[in-house]
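This is query.tsv. It holds TSV, C-alpha atoms.
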```tsv
chain	number	residue	atom	x	y	z
A	11	MET	CA	104.15	83.03	114.75
A	12	LEU	CA	104.26	85.72	117.42
A	13	ASN	CA	107.27	87.82	116.61
A	14	VAL	CA	107.84	90.98	118.56
A	15	GLU	CA	109.97	93.50	116.68
A	16	ASN	CA	111.04	96.99	117.66
A	17	ILE	CA	110.13	100.02	115.60
A	18	PHE	CA	113.35	101.80	116.51
A	19	ALA	CA	115.63	98.94	115.41
A	20	GLY	CA	117.28	98.48	112.04
A	21	ILE	CA	117.51	102.12	111.03
A	22	SER	CA	120.30	102.86	108.59
A	23	ASN	CA	121.88	106.22	107.94
A	24	ALA	CA	120.78	107.82	104.71
A	25	LEU	CA	120.89	111.56	105.21
A	26	GLY	CA	118.51	113.35	102.88
A	27	GLY	CA	116.71	110.11	102.23
A	28	GLU	CA	113.66	108.14	103.15
A	29	GLN	CA	113.49	104.49	104.22
A	30	LEU	CA	110.22	102.53	104.03
A	31	LEU	CA	109.41	99.29	105.82
A	32	THR	CA	106.06	97.50	105.72
A	33	LEU	CA	105.11	96.31	109.21
A	34	PHE	CA	101.66	94.88	108.48
A	35	GLU	CA	99.70	94.39	105.31
A	36	ASN	CA	96.58	92.56	104.36
A	37	ARG	CA	93.65	93.02	102.02
A	38	ALA	CA	92.30	95.95	104.05
A	39	MET	CA	95.28	98.04	105.05
A	40	LYS	CA	99.01	98.57	105.18
A	41	ILE	CA	101.08	99.95	108.05
A	42	GLU	CA	104.50	101.31	107.20
A	43	ARG	CA	107.41	102.70	109.14
A	44	ILE	CA	108.96	105.65	107.36
A	45	VAL	CA	112.36	106.97	108.44
A	46	SER	CA	113.08	110.43	107.06
A	47	GLN	CA	116.53	111.91	107.53
A	48	SER	CA	116.51	115.63	106.77
A	49	TYR	CA	114.22	114.68	103.91
A	50	HIS	CA	111.91	116.66	101.67
A	51	SER	CA	109.72	115.53	98.79
A	52	PRO	CA	111.09	116.36	95.36
A	53	GLU	CA	110.37	119.92	94.19
A	54	HIS	CA	106.90	120.29	92.67
A	55	PHE	CA	106.00	116.73	93.71
A	56	TRP	CA	102.59	116.20	95.36
A	57	TYR	CA	101.07	113.09	96.84
A	58	ASP	CA	97.48	112.73	95.61
A	59	GLN	CA	95.99	109.60	97.13
A	60	SER	CA	92.69	107.95	96.34
A	61	GLU	CA	92.24	106.75	99.93
A	62	PRO	CA	92.74	108.52	103.25
A	63	GLU	CA	95.96	108.03	105.19
A	64	TRP	CA	96.69	108.28	108.91
A	65	VAL	CA	100.17	109.32	110.01
A	66	ILE	CA	101.93	109.79	113.34
A	67	ILE	CA	105.45	110.95	114.21
A	68	LEU	CA	107.06	108.64	116.78
A	69	ARG	CA	110.44	110.39	116.87
A	70	GLY	CA	111.62	113.71	115.48
A	71	GLU	CA	109.63	116.38	113.68
A	72	ALA	CA	108.50	117.45	110.25
A	73	THR	CA	106.67	120.12	108.30
A	74	MET	CA	104.01	118.99	105.86
A	75	GLU	CA	102.93	121.23	103.01
A	76	PHE	CA	99.38	121.14	101.68
A	77	GLU	CA	98.16	122.48	98.38
A	78	GLY	CA	97.20	126.12	98.65
A	79	GLY	CA	100.20	127.05	100.78
A	80	ARG	CA	99.24	125.61	104.15
A	81	PHE	CA	102.13	124.31	106.24
A	82	VAL	CA	101.54	121.99	109.19
A	83	GLU	CA	104.23	121.46	111.83
A	84	MET	CA	104.34	118.02	113.43
A	85	LYS	CA	106.37	116.91	116.43
A	86	GLU	CA	106.73	113.70	118.42
A	87	GLY	CA	103.36	112.11	119.10
A	88	ASP	CA	101.46	114.29	116.63
A	89	HIS	CA	99.05	112.48	114.35
A	90	LEU	CA	96.98	113.57	111.39
A	91	ILE	CA	94.38	112.21	109.01
A	92	ILE	CA	95.14	113.18	105.41
A	93	PRO	CA	91.84	112.94	103.54
A	94	ARG	CA	91.73	111.41	100.08
A	95	HIS	CA	92.82	113.63	97.22
A	96	VAL	CA	94.20	116.32	99.52
A	97	LYS	CA	97.49	117.06	97.82
A	98	HIS	CA	100.48	117.16	100.15
A	99	ARG	CA	104.23	116.86	100.31
A	100	VAL	CA	106.94	116.68	102.93
A	101	HIS	CA	108.42	120.16	103.21
A	102	ARG	CA	111.21	119.12	105.56
A	103	THR	CA	111.96	116.72	108.40
A	104	GLY	CA	114.39	116.65	111.30
A	105	PRO	CA	117.65	114.67	111.03
A	106	GLN	CA	115.92	111.46	112.06
A	107	THR	CA	112.16	111.39	111.94
A	108	ILE	CA	110.29	108.11	112.43
A	109	TRP	CA	106.71	107.94	111.21
A	110	LEU	CA	104.00	105.37	111.15
A	111	ALA	CA	101.66	105.59	108.19
A	112	ALA	CA	98.45	103.59	107.89
A	113	HIS	CA	97.07	103.28	104.39
A	114	VAL	CA	93.72	101.92	103.44
A	115	ALA	CA	93.96	99.31	100.74
A	116	HIS	CA	91.84	99.89	97.66
A	117	ALA	CA	88.43	98.33	98.09
A	118	ASP	CA	88.77	96.63	94.73
A	119	SER	CA	92.34	95.52	95.32
A	120	GLY	CA	93.13	91.89	94.68
A	121	LYS	CA	95.44	91.74	97.72
A	122	ARG	CA	94.94	88.97	100.20
A	123	GLU	CA	96.27	88.37	103.69
B	12	MET	CA	90.00	119.64	107.96
B	13	LEU	CA	93.65	119.09	108.86
B	14	ASN	CA	93.75	118.71	112.61
B	15	VAL	CA	96.98	117.68	114.24
B	16	GLU	CA	96.46	116.05	117.63
B	17	ASN	CA	98.97	114.57	120.03
B	18	ILE	CA	98.82	110.95	121.09
B	19	PHE	CA	100.22	111.74	124.54
B	20	ALA	CA	97.61	114.41	125.33
B	21	GLY	CA	94.33	113.96	127.15
B	22	ILE	CA	95.31	111.00	129.29
B	23	SER	CA	93.35	110.70	132.51
B	24	ASN	CA	94.36	108.79	135.59
B	25	ALA	CA	92.49	105.54	136.04
B	26	LEU	CA	94.80	103.15	137.84
B	27	GLY	CA	93.94	99.55	137.11
B	28	GLY	CA	91.89	100.65	134.13
B	29	GLU	CA	91.96	100.94	130.40
B	30	GLN	CA	91.03	103.99	128.31
B	31	LEU	CA	90.18	103.64	124.60
B	32	LEU	CA	90.15	106.41	122.01
B	33	THR	CA	89.46	105.95	118.30
B	34	LEU	CA	91.94	107.99	116.24
B	35	PHE	CA	90.91	106.92	112.75
B	36	GLU	CA	88.12	104.74	111.46
B	37	ASN	CA	86.66	104.01	108.07
B	38	ARG	CA	85.17	101.06	106.24
B	39	ALA	CA	88.51	99.24	106.10
B	40	MET	CA	90.16	99.75	109.45
B	41	LYS	CA	90.19	101.33	112.87
B	42	ILE	CA	93.16	102.78	114.75
B	43	GLU	CA	92.80	103.15	118.50
B	44	ARG	CA	94.91	104.55	121.29
B	45	ILE	CA	94.74	102.37	124.37
B	46	VAL	CA	96.02	103.67	127.70
B	47	SER	CA	96.53	100.89	130.25
B	48	GLN	CA	97.37	101.82	133.81
B	49	SER	CA	98.61	98.77	135.73
B	50	TYR	CA	95.88	96.93	133.86
B	51	HIS	CA	95.18	93.27	133.27
B	52	SER	CA	92.34	91.59	131.39
B	53	PRO	CA	89.70	90.05	133.64
B	54	GLU	CA	90.56	86.60	134.95
B	55	HIS	CA	89.79	83.83	132.43
B	56	PHE	CA	88.93	86.41	129.75
B	57	TRP	CA	90.40	85.85	126.29
B	58	TYR	CA	90.23	88.01	123.20
B	59	ASP	CA	89.33	85.85	120.19
B	60	GLN	CA	89.19	88.06	117.11
B	61	SER	CA	87.96	87.18	113.65
B	62	GLU	CA	90.48	89.54	112.00
B	63	PRO	CA	94.17	90.12	112.65
B	64	GLU	CA	95.29	93.03	114.81
B	65	TRP	CA	98.53	95.01	114.84
B	66	VAL	CA	99.70	96.55	118.10
B	67	ILE	CA	102.62	98.71	119.19
B	68	ILE	CA	103.62	100.09	122.59
B	69	LEU	CA	104.50	103.78	122.36
B	70	ARG	CA	105.17	104.27	126.09
B	71	GLY	CA	105.54	101.83	128.94
B	72	GLU	CA	105.54	98.06	128.86
B	73	ALA	CA	103.25	95.06	129.07
B	74	THR	CA	103.10	91.31	129.16
B	75	MET	CA	100.68	89.59	126.81
B	76	GLU	CA	99.48	86.07	127.51
B	77	PHE	CA	98.62	83.70	124.68
B	78	GLU	CA	96.59	80.53	124.94
B	79	GLY	CA	98.76	77.58	125.78
B	80	GLY	CA	100.78	79.45	128.39
B	81	ARG	CA	103.01	81.62	126.23
B	82	PHE	CA	103.87	85.02	127.68
B	83	VAL	CA	105.29	87.79	125.50
B	84	GLU	CA	107.03	90.79	127.03
B	85	MET	CA	106.66	94.08	125.17
B	86	LYS	CA	108.48	97.33	125.82
B	87	GLU	CA	108.50	100.77	124.19
B	88	GLY	CA	108.58	100.54	120.42
B	89	ASP	CA	107.76	96.82	120.32
B	90	HIS	CA	105.11	95.80	117.81
B	91	LEU	CA	103.33	92.55	117.14
B	92	ILE	CA	100.83	91.06	114.71
B	93	ILE	CA	98.17	89.03	116.52
B	94	PRO	CA	96.75	86.62	113.94
B	95	ARG	CA	93.02	86.02	113.78
B	96	HIS	CA	91.60	83.61	116.34
B	97	VAL	CA	94.81	83.49	118.36
B	98	LYS	CA	93.43	83.81	121.86
B	99	HIS	CA	95.19	86.37	124.01
B	100	ARG	CA	94.83	88.59	127.05
B	101	VAL	CA	96.73	91.34	128.78
B	102	HIS	CA	98.60	89.71	131.66
B	103	ARG	CA	99.84	93.01	133.10
B	104	THR	CA	100.98	96.47	132.04
B	105	GLY	CA	103.21	99.15	133.54
B	106	PRO	CA	101.68	102.09	135.44
B	107	GLN	CA	101.08	103.99	132.21
B	108	THR	CA	101.29	102.07	128.98
B	109	ILE	CA	100.21	103.71	125.72
B	110	TRP	CA	99.41	101.43	122.80
B	111	LEU	CA	98.31	101.87	119.26
B	112	ALA	CA	96.09	99.10	117.94
B	113	ALA	CA	95.13	98.77	114.28
B	114	HIS	CA	92.10	96.60	113.63
B	115	VAL	CA	90.88	95.42	110.28
B	116	ALA	CA	87.21	96.10	109.76
B	117	HIS	CA	85.08	93.15	108.80
B	118	ALA	CA	85.00	92.76	105.04
B	119	ASP	CA	81.23	92.55	105.09
B	120	SER	CA	80.82	95.44	107.54
B	121	GLY	CA	78.37	98.12	106.60
B	122	LYS	CA	80.63	100.86	107.93
B	123	ARG	CA	81.39	103.78	105.70
B	124	GLU	CA	83.95	106.57	105.89
```

Here is the file; what I need is its structure written in the form of structure tokens.
Amino acid sequence: MLNVENIFAGISNALGGEQLLTLFENRAMKIERIVSQSYHSPEHFWYDQSEPEWVIILRGEATMEFEGGRFVEMKEGDHLIIPRHVKHRVHRTGPQTIWLAAHVAHADSGKRE
Amino acid sequence: MLNVENIFAGISNALGGEQLLTLFENRAMKIERIVSQSYHSPEHFWYDQSEPEWVIILRGEATMEFEGGRFVEMKEGDHLIIPRHVKHRVHRTGPQTIWLAAHVAHADSGKRE
């Protein structure tokens, strides 16, 4: 029942790619580990989320791009709240960047613990 | 609107103590930074939570105690889901242990973003 796992374990090499792993999920929220290896979002792609998201970089670094031409540099330990419907994309990441992302589940979602 | 902050900044010295900082909170969940400096929960104190909690150690190390005499060692990067109503306490931490804790808000809570 009580299983300790390590966030830095089980990382595969996928240069240019992104690897997602759900660490915790219930009806209210989802916590994901994201490993980005020299990754960027597809050209002209924007995330546009109906709920806020909280992200932190645990290893590495990244540049986020926000609609309107604002770029935000993030390094190890940096965290950020991305408000709902603020369009954003990953401009670039370091060779191995490890994020945590906490998503709010939709209030009307049918998900259960 | 987009404020990057660093999780390792603004840590005061309070040996034997615990310092809590809310990083993100809305109607669904709360994410806290907890800094524990050679801390342990009060004797005979147990956390008994009505919702599950997810915790990770970002720096340092700790030993959690669970009811029934089970001790769980956690080091940097280790994460754990503590199910609801599983009684637990902090048995000890290293001199400076930095945690993230994600709590689910109560479903019937009146909190709003």

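Neighbouring residues of stretch 60-73 of chain B at 7 Å or closer, counting only C-alpha atoms and skipping chain neighbours under 2 positions away, are Tyr58, Met75, Glu84, Met85, Lys86, Glu87, Gly88, Asp89, His90, Leu91, Ile92, Ile93, Pro94, Arg95, His96, Arg103, Thr104, Gly105, Gln107, Thr108, Ile109, Trp110, Leu111, Ala112, Ala113, His114 and Val115 of chain B.
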
Which neighbours of B:Ser23 fall inside 12 Å, counting only C-alpha atoms, when residues of the same chain fewer than 5 positions from it are skipped, and could you give them as a compact mmCIF listing (two decimals) with C-alpha atoms, in the coordinates of the input?
```txt
# COMPACT_ATOMS: atom_id res chain seq x y z
CA GLY B 28 91.89 100.65 134.13
CA GLU B 29 91.96 100.94 130.40
CA GLN B 30 91.03 103.99 128.31
CA LEU B 31 90.18 103.64 124.60
CA LEU B 32 90.15 106.41 122.01
CA ILE B 45 94.74 102.37 124.37
CA VAL B 46 96.02 103.67 127.70
CA SER B 47 96.53 100.89 130.25
CA GLN B 48 97.37 101.82 133.81
CA GLN B 107 101.08 103.99 132.21
CA ILE B 109 100.21 103.71 125.72
```

- Item | Contacts of stretch 77-81 of chain B at 9 Å (only C-alpha atoms; same-chain gap of 5+ positions) as a count of residues only | 6

In Å and to one decimal, atom CA of A:Lys40 is distant from atom CA of A:Ala115 by 6.8 Å

| task | Have a look at A:Val14, A:Ile41, A:Ala19, A:Leu33 and name the one nearest to chain B; count all atoms listed in the file. | result |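 Closest to chain B of all the choices is A:Val14.
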
Generate the missing atoms of stretch 42-60 of chain A up to N, CA and C atoms and report them as an mmCIF file, in the coordinates of the input.
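Saved to part_7.cif:
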```
data_model
loop_
_atom_site.group_PDB
_atom_site.id
_atom_site.type_symbol
_atom_site.label_atom_id
_atom_site.label_comp_id
_atom_site.auth_asym_id
_atom_site.auth_seq_id
_atom_site.Cartn_x
_atom_site.Cartn_y
_atom_site.Cartn_z
ATOM 1 N N GLU A 42 103.094 101.160 107.553
ATOM 2 C CA GLU A 42 104.500 101.310 107.200
ATOM 3 C C GLU A 42 105.232 102.140 108.234
ATOM 4 N N ARG A 43 106.507 101.795 108.447
ATOM 5 C CA ARG A 43 107.410 102.700 109.140
ATOM 6 C C ARG A 43 108.150 103.494 108.080
ATOM 7 N N ILE A 44 108.209 104.793 108.270
ATOM 8 C CA ILE A 44 108.960 105.650 107.360
ATOM 9 C C ILE A 44 110.024 106.363 108.186
ATOM 10 N N VAL A 45 111.277 106.233 107.788
ATOM 11 C CA VAL A 45 112.360 106.970 108.440
ATOM 12 C C VAL A 45 112.824 108.040 107.469
ATOM 13 N N SER A 46 112.712 109.293 107.897
ATOM 14 C CA SER A 46 113.080 110.430 107.060
ATOM 15 C C SER A 46 114.263 111.137 107.718
ATOM 16 N N GLN A 47 115.324 111.300 106.962
ATOM 17 C CA GLN A 47 116.530 111.910 107.530
ATOM 18 C C GLN A 47 116.819 113.204 106.777
ATOM 19 N N SER A 48 116.389 114.306 107.409
ATOM 20 C CA SER A 48 116.510 115.630 106.770
ATOM 21 C C SER A 48 115.988 115.556 105.334
ATOM 22 N N TYR A 49 114.801 114.974 105.216
ATOM 23 C CA TYR A 49 114.220 114.680 103.910
ATOM 24 C C TYR A 49 113.216 115.752 103.497
ATOM 25 N N HIS A 50 113.079 115.956 102.196
ATOM 26 C CA HIS A 50 111.910 116.660 101.670
ATOM 27 C C HIS A 50 111.488 115.990 100.372
ATOM 28 N N SER A 51 110.194 116.063 100.068
ATOM 29 C CA SER A 51 109.720 115.530 98.790
ATOM 30 C C SER A 51 110.398 116.290 97.650
ATOM 31 N N PRO A 52 110.528 115.655 96.502
ATOM 32 C CA PRO A 52 111.090 116.360 95.360
ATOM 33 C C PRO A 52 110.325 117.655 95.073
ATOM 34 N N GLU A 53 111.003 118.644 94.566
ATOM 35 C CA GLU A 53 110.370 119.920 94.190
ATOM 36 C C GLU A 53 109.182 119.662 93.260
ATOM 37 N N HIS A 54 108.101 120.349 93.517
ATOM 38 C CA HIS A 54 106.900 120.290 92.670
ATOM 39 C C HIS A 54 106.197 118.934 92.696
ATOM 40 N N PHE A 55 106.668 118.019 93.591
ATOM 41 C CA PHE A 55 106.000 116.730 93.710
ATOM 42 C C PHE A 55 104.885 116.825 94.743
ATOM 43 N N TRP A 56 103.722 116.261 94.424
ATOM 44 C CA TRP A 56 102.590 116.200 95.360
ATOM 45 C C TRP A 56 102.059 114.780 95.436
ATOM 46 N N TYR A 57 101.847 114.311 96.660
ATOM 47 C CA TYR A 57 101.070 113.090 96.840
ATOM 48 C C TYR A 57 99.600 113.423 96.605
ATOM 49 N N ASP A 58 98.918 112.563 95.860
ATOM 50 C CA ASP A 58 97.480 112.730 95.610
ATOM 51 C C ASP A 58 96.890 111.326 95.682
ATOM 52 N N GLN A 59 96.349 110.986 96.849
ATOM 53 C CA GLN A 59 95.990 109.600 97.130
ATOM 54 C C GLN A 59 94.477 109.381 97.076
ATOM 55 N N SER A 60 94.114 108.246 96.534
ATOM 56 C CA SER A 60 92.690 107.950 96.340
ATOM 57 C C SER A 60 92.013 107.426 97.602
#
```
